[in-house]
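S.K.: Shown below is the structure under consideration.
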Amino acid sequence: MKQILAALNENGIKDIEEANKICDEAGLDPYMTCQETQGICFENAKWAYVVGCAIALKKGCKNAADAAEAIGIGLQAFCIPGSVADDRKVGIGHGNLAARLLREETQCFAFLAGHESFAAAEGAIKIAEMANKVRKNPLRCILNGLGKDAAMIISRINGFTYVQTKFDYFTGELNIVKETPYSDGPRAKVKCYGADDVREGVAIMWHENVDVSITGNSTNPTRFQHPVAGTYKKERVLAGKPYFSVASGGGTGRTLHPDNMAAGPASYGMTDTLGRMHSDAQFAGSSSVPAHVEMMGFLGIGNNPMVGCTVACAVNVALALSK
Amino acid sequence: MTYSQEVEHMCCVAKGPNHGPAPIPEEGKWIQAKEIKDISGLTHGVGWCAPQQGTCKLTLNVKEGVIEECLVETIGCSGMTHSAAMASEILPGKTILEALNTDLVCDAINTAMRELFLQIVYGRTQSAFSEGGLMIGAGLEDLGKGLRSQVGTLYGTKAKGTRYLELTEGYITRMALDKDNQVIGYEYVHMGKFMEQVKKGVDANEALKAVTGTYGRFKPEQGAVKYIDPRKE
């Protein structure tokens, strides 16, 4: 595609082969990093990370946050002109989000999910393994989703720490019942919460003092993740505290009709609207399904795993250049 | 067209509002859809049969009212797979209006067609905001590598617990259990990629090794204590 070559040339790289060589020489394999992050990702995603990392290496980004932004330029080049992804500049957006996670100001990142798939975990694993290699103050990474059983199973399969909570609906207090770590490596640093409803979800956000989050979009969006993000946003603004909210999916008319009646005018695109109401940045497609992200004119990899992959690649670039 | 005597004798009351329908988002444009040819987009619909023992996911890529591409995926009964075979030939080339009154020989596929029609004429398509829509072939891409449907087959009993048989990654060959006998990971064979290798002439055993992967915590050092064949043990 023309725009990929243009982005490479602008950064003094001839073509994708040369980009691959630059990564090789630095001892990096972004193709593999992407594959490891989400096994079912498409080929174009893997090459986008090769292009992104080559640009970051060529720019000499010794700081991981700067590397993340440079990788975003590479990702952006893979957006099809005229697509939703291009319009929303999701490549640049992914670079900026990863950079935010690598900067010291950010203390806690939440995957605000419906706990419907393992995709949030795929993103979280890479962040847990990589982000703190370059940060002074460790970044805390949590999963906050609807359903306590699902939270426990996701923790067990991925080696996270399951935090069982009990919300007191009279006092609004969140009580921690117990914490069960399912491994003893860096993955156990990822805390996974299951909420019974929106109020408990918001209380979990406050308990962890989340300052950046990404919401999933297709399972439970109207009953959990968007209401939690929106409510928490309002409360953070009132409290004068920062909170950067990212909506990961959207960009389609399909996702939801607004009122379950599926009739009459303006009966399209509800999840997109929900994202618009609270988000500081909006991606497109799906938090988990590669084909749906690709359909929006971007790469075949879920937006949640992509967050982890961008962080991992950026850290690798920074470490390679600081050797 | 004829008018009845009563109407003939009435005086005229003028019609004021003439805004047309509210526009719907289609392939990056806002369209006031008045006729079937005003409908374009790629989207999905799901349907079921009267006894609810089978279900169909239908994906159509429609350009100016005509079905240019269809993907028919079914789960449930053997007959519906054959109906799907026929539908994949019958649907392309028809307008979406025509497709409603076409017998697709299976309740589930007919229902999916109805649901998809509603989705698309109300502007709820995947390609609502994608300029120019999606190319013909986008429906096929939905299948991912090796072109196989994303199917989940999972089984559980109170007495013996859960069995993972098929997940998005592929055919599950082994499940890993931890010290408490709970599932912590699984091993799979990606059947689409496996067949691609075999067709290329790679030895079947070698191909099997190459396309076998694991998910979650599968190794002993990750806490796996026991491995079971979900179909036998």
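Following the order of the structure tokens, chains are lettered A, B, ..., residues in each are numbered from 1, and ligands are numbered from 1.
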Counting only C-alpha atoms, which residues from chain B have an atom at most 8 Å from any atom of chain A, and could you show them as JSON, numbers by chain?
M.R.: {"B": [21, 22, 24, 25, 43, 119, 122, 123, 124, 125, 126, 127, 128, 129, 130, 131, 132, 134, 138, 141, 142, 143, 144, 145, 169, 183, 184, 185, 216, 217, 222, 223]}
S.K.: Filtering to C-alpha atoms, could you give me those residues as a PDB file, in the first residue's frame?
M.R.:
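Everything below was put into out.pdb:
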ATOM      1  CA  PRO B  21     -37.141   9.598   5.938  1.00  0.00           C
ATOM      2  CA  ALA B  22     -34.396  10.184   8.498  1.00  0.00           C
ATOM      3  CA  ILE B  24     -29.224   6.193   7.776  1.00  0.00           C
ATOM      4  CA  PRO B  25     -25.450   5.722   7.716  1.00  0.00           C
ATOM      5  CA  THR B  43     -23.608  -6.945   7.801  1.00  0.00           C
ATOM      6  CA  GLN B 119     -30.401  -4.661  10.406  1.00  0.00           C
ATOM      7  CA  TYR B 122     -32.263   0.455   9.657  1.00  0.00           C
ATOM      8  CA  GLY B 123     -28.621   1.401   9.048  1.00  0.00           C
ATOM      9  CA  ARG B 124     -27.132  -1.080  11.492  1.00  0.00           C
ATOM     10  CA  THR B 125     -24.352  -2.391   9.246  1.00  0.00           C
ATOM     11  CA  GLN B 126     -20.707  -3.123   9.921  1.00  0.00           C
ATOM     12  CA  SER B 127     -19.809  -0.767   7.102  1.00  0.00           C
ATOM     13  CA  ALA B 128     -22.054   2.150   8.179  1.00  0.00           C
ATOM     14  CA  PHE B 129     -19.130   4.542   8.524  1.00  0.00           C
ATOM     15  CA  SER B 130     -16.599   2.996   6.118  1.00  0.00           C
ATOM     16  CA  GLU B 131     -16.295   5.166   3.034  1.00  0.00           C
ATOM     17  CA  GLY B 132     -17.169   3.224  -0.095  1.00  0.00           C
ATOM     18  CA  LEU B 134     -16.164  -3.045   2.183  1.00  0.00           C
ATOM     19  CA  ALA B 138     -14.708  -8.942   3.180  1.00  0.00           C
ATOM     20  CA  GLU B 141     -12.160 -12.495   5.611  1.00  0.00           C
ATOM     21  CA  ASP B 142     -14.495 -12.830   8.567  1.00  0.00           C
ATOM     22  CA  LEU B 143     -13.406 -16.475   8.717  1.00  0.00           C
ATOM     23  CA  GLY B 144      -9.753 -15.711   9.416  1.00  0.00           C
ATOM     24  CA  LYS B 145      -6.822 -17.926   8.482  1.00  0.00           C
ATOM     25  CA  GLU B 169      -7.935 -21.401  18.155  1.00  0.00           C
ATOM     26  CA  VAL B 183      -8.674 -25.953  34.029  1.00  0.00           C
ATOM     27  CA  ILE B 184      -5.798 -23.537  33.526  1.00  0.00           C
ATOM     28  CA  GLY B 185      -4.984 -23.967  29.840  1.00  0.00           C
ATOM     29  CA  GLY B 216      -3.278 -20.045  29.010  1.00  0.00           C
ATOM     30  CA  ARG B 217      -1.046 -21.805  31.523  1.00  0.00           C
ATOM     31  CA  GLN B 222       3.130 -22.571  34.949  1.00  0.00           C
ATOM     32  CA  GLY B 223       1.273 -24.812  37.355  1.00  0.00           C
TER      33      GLY B 223
END
S.K.: Could you pull the residues within 9 Å of Ala7 in chain A, counting only C-alpha atoms, minus those fewer than 4 positions along the same chain, as a VMD selection string?
M.R.: chain A and resid 2 to 3 11 to 13 51 55 73 to 74 76 to 77
S.K.: Generate the output file for the selected residues, N, CA and C atoms, as a CSV table (one decimal), in the first residue's frame.
M.R.:
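What follows is the written file again.csv:
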chain,number,residue,atom,x,y,z
A,2,LYS,N,0.4,2.2,-0.7
A,2,LYS,CA,1.2,3.5,-0.9
A,2,LYS,C,1.5,4.2,0.4
A,3,GLN,N,0.5,4.3,1.3
A,3,GLN,CA,0.8,5.1,2.5
A,3,GLN,C,1.8,4.4,3.4
A,11,ASN,N,10.7,8.3,6.9
A,11,ASN,CA,11.6,8.1,8.0
A,11,ASN,C,12.9,7.4,7.6
A,12,GLY,N,13.2,7.6,6.3
A,12,GLY,CA,14.5,7.2,5.7
A,12,GLY,C,14.6,5.7,5.6
A,13,ILE,N,13.5,5.0,5.5
A,13,ILE,CA,13.5,3.5,5.2
A,13,ILE,C,12.9,3.2,3.9
A,51,VAL,N,7.0,-2.5,10.9
A,51,VAL,CA,7.1,-1.2,10.4
A,51,VAL,C,7.2,-0.1,11.5
A,55,ILE,N,10.6,2.2,12.5
A,55,ILE,CA,10.5,3.7,12.5
A,55,ILE,C,11.0,4.2,13.9
A,73,ILE,N,3.0,5.8,14.5
A,73,ILE,CA,3.1,6.3,13.1
A,73,ILE,C,3.0,5.1,12.1
A,74,GLY,N,3.8,4.0,12.5
A,74,GLY,CA,3.8,2.8,11.7
A,74,GLY,C,2.4,2.2,11.6
A,76,GLN,N,-0.5,3.6,12.0
A,76,GLN,CA,-1.4,4.5,11.3
A,76,GLN,C,-1.2,4.3,9.8
A,77,ALA,N,0.0,4.0,9.3
A,77,ALA,CA,0.2,3.8,7.9
A,77,ALA,C,-0.6,2.7,7.3
S.K.: What's the separation between CA of Asp29 in chain A and CA of Ala124 in chain A, in Å to one decimal place?
M.R.: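 About the pair CA of Asp29 in chain A and CA of Ala124 in chain A: they are 19.8 Å apart.
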S.K.: Just the residues within 12 Å of Ile75 in chain B, please, counting only C-alpha atoms, with nothing from its chain fewer than 6 positions along; format it as a ChimeraX atom specification.
M.R.: /B:46-49,52-58,81-84,106,108-109,149-153
S.K.: Since we have the selection now, will you write its residues out, keeping N, CA and C atoms, as a short mmCIF file (atom, residue, chain, number, x, y, z; two decimals), in the first residue's frame?
M.R.:
data_model
loop_
_atom_site.label_atom_id
_atom_site.label_comp_id
_atom_site.auth_asym_id
_atom_site.auth_seq_id
_atom_site.Cartn_x
_atom_site.Cartn_y
_atom_site.Cartn_z
N VAL B 46 -28.54 -13.25 12.35
CA VAL B 46 -28.60 -14.62 12.85
C VAL B 46 -30.04 -15.08 12.94
N GLY B 47 -30.25 -16.36 12.67
CA GLY B 47 -31.60 -16.91 12.67
C GLY B 47 -31.63 -18.29 13.31
N TRP B 48 -32.85 -18.77 13.56
CA TRP B 48 -33.02 -20.07 14.21
C TRP B 48 -34.23 -20.76 13.59
N CYS B 49 -34.39 -22.07 13.82
CA CYS B 49 -35.52 -22.77 13.24
C CYS B 49 -36.62 -22.97 14.27
N GLN B 52 -35.89 -24.71 17.30
CA GLN B 52 -34.69 -24.12 17.89
C GLN B 52 -33.59 -25.16 18.14
N GLN B 53 -33.42 -26.03 17.16
CA GLN B 53 -32.31 -26.98 17.29
C GLN B 53 -31.17 -26.63 16.33
N GLY B 54 -31.36 -25.56 15.58
CA GLY B 54 -30.30 -25.14 14.67
C GLY B 54 -30.29 -23.64 14.53
N THR B 55 -29.12 -23.11 14.14
CA THR B 55 -28.98 -21.67 14.00
C THR B 55 -28.07 -21.33 12.83
N CYS B 56 -28.32 -20.16 12.25
CA CYS B 56 -27.55 -19.75 11.07
C CYS B 56 -27.01 -18.34 11.27
N LYS B 57 -25.75 -18.13 10.89
CA LYS B 57 -25.21 -16.78 10.82
C LYS B 57 -25.01 -16.45 9.35
N LEU B 58 -25.68 -15.41 8.91
CA LEU B 58 -25.62 -15.02 7.50
C LEU B 58 -24.89 -13.68 7.39
N THR B 81 -26.91 -27.83 6.59
CA THR B 81 -25.65 -27.59 5.88
C THR B 81 -25.89 -27.69 4.38
N HIS B 82 -26.79 -28.61 3.99
CA HIS B 82 -27.10 -28.74 2.56
C HIS B 82 -27.94 -27.56 2.07
N SER B 83 -28.86 -27.10 2.94
CA SER B 83 -29.63 -25.91 2.59
C SER B 83 -28.69 -24.73 2.40
N ALA B 84 -27.67 -24.66 3.26
CA ALA B 84 -26.70 -23.56 3.18
C ALA B 84 -25.96 -23.63 1.85
N CYS B 106 -34.61 -23.65 4.74
CA CYS B 106 -34.22 -23.91 6.12
C CYS B 106 -34.75 -22.75 6.94
N ALA B 108 -33.86 -21.60 9.76
CA ALA B 108 -32.81 -20.78 10.37
C ALA B 108 -32.24 -19.79 9.36
N ILE B 109 -32.04 -20.25 8.12
CA ILE B 109 -31.47 -19.35 7.11
C ILE B 109 -32.51 -18.29 6.71
N SER B 149 -15.14 -21.55 10.03
CA SER B 149 -16.02 -20.77 10.91
C SER B 149 -15.48 -20.77 12.34
N GLN B 150 -15.74 -19.67 13.05
CA GLN B 150 -15.38 -19.60 14.47
C GLN B 150 -16.46 -20.35 15.23
N VAL B 151 -16.12 -21.56 15.65
CA VAL B 151 -17.11 -22.38 16.33
C VAL B 151 -16.61 -22.73 17.72
N GLY B 152 -17.48 -22.65 18.68
CA GLY B 152 -17.13 -23.08 20.03
C GLY B 152 -17.95 -24.32 20.38
N THR B 153 -17.29 -25.37 20.85
CA THR B 153 -18.00 -26.56 21.30
C THR B 153 -17.49 -26.91 22.70
#
S.K.: Point out the residue among A:Leu143, A:Leu101, A:Val198, A:Ile301 with the least atom-to-atom distance to Gln35 in chain A, counting only C-alpha atoms.
M.R.: A:Ile301
S.K.: Give the strand (DSSP E) residues of range 31-219 of chain A, as DSSP finds them on the backbone, and put them as number ranges by chain.
M.R.: A: 108-113, 140-146, 161-168, 173-181, 191-195, 212-215
S.K.: List every residue of range 52-120 of chain B that DSSP, applied to the backbone of this structure, places in helix (DSSP H, G or I), and write the result as a PyMOL selection string.
M.R.: chain B and resi 78-90+96-100+107-120
S.K.: Go ahead and write the residues just picked, N, CA and C atoms, as a tab-separated table (two decimals), in the first residue's frame.
M.R.:
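Result saved to part15.tsv:
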chain	number	residue	atom	x	y	z
B	78	SER	N	-27.81	-31.69	10.15
B	78	SER	CA	-27.11	-32.02	8.91
B	78	SER	C	-27.82	-31.40	7.71
B	79	GLY	N	-29.16	-31.38	7.75
B	79	GLY	CA	-29.92	-30.86	6.62
B	79	GLY	C	-29.60	-29.41	6.33
B	80	MET	N	-29.41	-28.64	7.38
B	80	MET	CA	-29.20	-27.21	7.15
B	80	MET	C	-27.88	-26.94	6.45
B	81	THR	N	-26.91	-27.83	6.59
B	81	THR	CA	-25.65	-27.59	5.88
B	81	THR	C	-25.89	-27.69	4.38
B	82	HIS	N	-26.79	-28.61	3.99
B	82	HIS	CA	-27.10	-28.74	2.56
B	82	HIS	C	-27.94	-27.56	2.07
B	83	SER	N	-28.86	-27.10	2.94
B	83	SER	CA	-29.63	-25.91	2.59
B	83	SER	C	-28.69	-24.73	2.40
B	84	ALA	N	-27.67	-24.66	3.26
B	84	ALA	CA	-26.70	-23.56	3.18
B	84	ALA	C	-25.96	-23.63	1.85
B	85	ALA	N	-25.64	-24.86	1.41
B	85	ALA	CA	-24.95	-25.03	0.13
B	85	ALA	C	-25.79	-24.41	-0.99
B	86	MET	N	-27.10	-24.69	-0.93
B	86	MET	CA	-27.98	-24.14	-1.97
B	86	MET	C	-28.11	-22.62	-1.84
B	87	ALA	N	-28.23	-22.14	-0.61
B	87	ALA	CA	-28.41	-20.70	-0.39
B	87	ALA	C	-27.22	-19.90	-0.92
B	88	SER	N	-26.01	-20.48	-0.80
B	88	SER	CA	-24.82	-19.74	-1.24
B	88	SER	C	-24.84	-19.52	-2.75
B	89	GLU	N	-25.61	-20.35	-3.46
B	89	GLU	CA	-25.73	-20.18	-4.91
B	89	GLU	C	-26.94	-19.30	-5.24
B	90	ILE	N	-28.01	-19.46	-4.45
B	90	ILE	CA	-29.27	-18.77	-4.74
B	90	ILE	C	-29.19	-17.27	-4.40
B	96	ILE	N	-32.18	-7.60	-1.91
B	96	ILE	CA	-32.48	-8.08	-0.55
B	96	ILE	C	-33.99	-8.23	-0.35
B	97	LEU	N	-34.78	-7.49	-1.15
B	97	LEU	CA	-36.24	-7.64	-1.06
B	97	LEU	C	-36.67	-8.99	-1.64
B	98	GLU	N	-36.07	-9.31	-2.78
B	98	GLU	CA	-36.33	-10.58	-3.44
B	98	GLU	C	-35.94	-11.76	-2.53
B	99	ALA	N	-34.83	-11.58	-1.82
B	99	ALA	CA	-34.31	-12.67	-0.99
B	99	ALA	C	-35.25	-13.02	0.16
B	100	LEU	N	-36.10	-12.06	0.56
B	100	LEU	CA	-37.03	-12.33	1.67
B	100	LEU	C	-38.03	-13.41	1.28
B	107	ASP	N	-35.51	-23.03	7.99
B	107	ASP	CA	-36.05	-21.97	8.85
B	107	ASP	C	-34.96	-21.01	9.31
B	108	ALA	N	-33.86	-21.60	9.76
B	108	ALA	CA	-32.81	-20.78	10.37
B	108	ALA	C	-32.24	-19.79	9.36
B	109	ILE	N	-32.04	-20.25	8.12
B	109	ILE	CA	-31.47	-19.35	7.11
B	109	ILE	C	-32.51	-18.29	6.71
B	110	ASN	N	-33.78	-18.71	6.56
B	110	ASN	CA	-34.83	-17.74	6.27
B	110	ASN	C	-34.91	-16.67	7.36
B	111	THR	N	-34.84	-17.11	8.61
B	111	THR	CA	-34.93	-16.16	9.73
B	111	THR	C	-33.73	-15.22	9.75
B	112	ALA	N	-32.56	-15.79	9.47
B	112	ALA	CA	-31.35	-14.97	9.43
B	112	ALA	C	-31.50	-13.90	8.34
B	113	MET	N	-32.09	-14.28	7.21
B	113	MET	CA	-32.30	-13.32	6.11
B	113	MET	C	-33.22	-12.19	6.58
B	114	ARG	N	-34.30	-12.54	7.32
B	114	ARG	CA	-35.21	-11.52	7.82
B	114	ARG	C	-34.49	-10.58	8.79
B	115	GLU	N	-33.74	-11.15	9.71
B	115	GLU	CA	-33.06	-10.32	10.71
B	115	GLU	C	-32.02	-9.43	10.04
B	116	LEU	N	-31.32	-10.00	9.05
B	116	LEU	CA	-30.31	-9.21	8.35
B	116	LEU	C	-30.97	-8.07	7.58
B	117	PHE	N	-32.12	-8.34	6.99
B	117	PHE	CA	-32.85	-7.29	6.26
B	117	PHE	C	-33.15	-6.12	7.20
B	118	LEU	N	-33.64	-6.45	8.39
B	118	LEU	CA	-33.97	-5.40	9.36
B	118	LEU	C	-32.72	-4.62	9.76
B	119	GLN	N	-31.65	-5.32	10.02
B	119	GLN	CA	-30.40	-4.66	10.41
B	119	GLN	C	-29.98	-3.67	9.32
B	120	ILE	N	-30.01	-4.14	8.09
B	120	ILE	CA	-29.42	-3.34	7.01
B	120	ILE	C	-30.30	-2.15	6.64
S.K.: I want to know what sits within 9 Å of Trp47 in chain A, based on only C-alpha atoms, with residues of the same chain fewer than 3 positions away left out; could you give that as a list in words?
M.R.: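 So, after excluding close chain neighbours, the residues are Ile16, Asn20, Pro30, Tyr31, Cys34, Glu43, Asn44, Val50, Val51 and Gly52 of chain A.
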S.K.: Using only C-alpha atoms, determine which residues lie at most 7 Å from range 175-180 of chain B, disregarding the query and same-chain residues fewer than 2 positions distant; provide the list as a PyMOL selection string.
M.R.: chain B and resi 182-187+218+223-230
S.K.: Write to file, as a short mmCIF file (atom, residue, chain, number, x, y, z; two decimals), in the first residue's frame, the residues of the selection just made, with C-alpha atoms.
M.R.:
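Result went into result35.cif, see below:
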data_model
loop_
_atom_site.label_atom_id
_atom_site.label_comp_id
_atom_site.auth_asym_id
_atom_site.auth_seq_id
_atom_site.Cartn_x
_atom_site.Cartn_y
_atom_site.Cartn_z
CA GLN B 182 -9.22 -26.90 37.70
CA VAL B 183 -8.67 -25.95 34.03
CA ILE B 184 -5.80 -23.54 33.53
CA GLY B 185 -4.98 -23.97 29.84
CA TYR B 186 -5.43 -26.02 26.72
CA GLU B 187 -3.64 -27.38 23.67
CA PHE B 218 -0.11 -25.11 29.96
CA GLY B 223 1.27 -24.81 37.35
CA ALA B 224 -0.02 -27.62 35.11
CA VAL B 225 -0.15 -30.87 37.05
CA LYS B 226 -2.27 -33.07 34.84
CA TYR B 227 -3.26 -33.22 31.15
CA ILE B 228 -6.46 -34.82 29.90
CA ASP B 229 -7.99 -35.64 26.54
CA PRO B 230 -11.34 -33.82 26.73
#
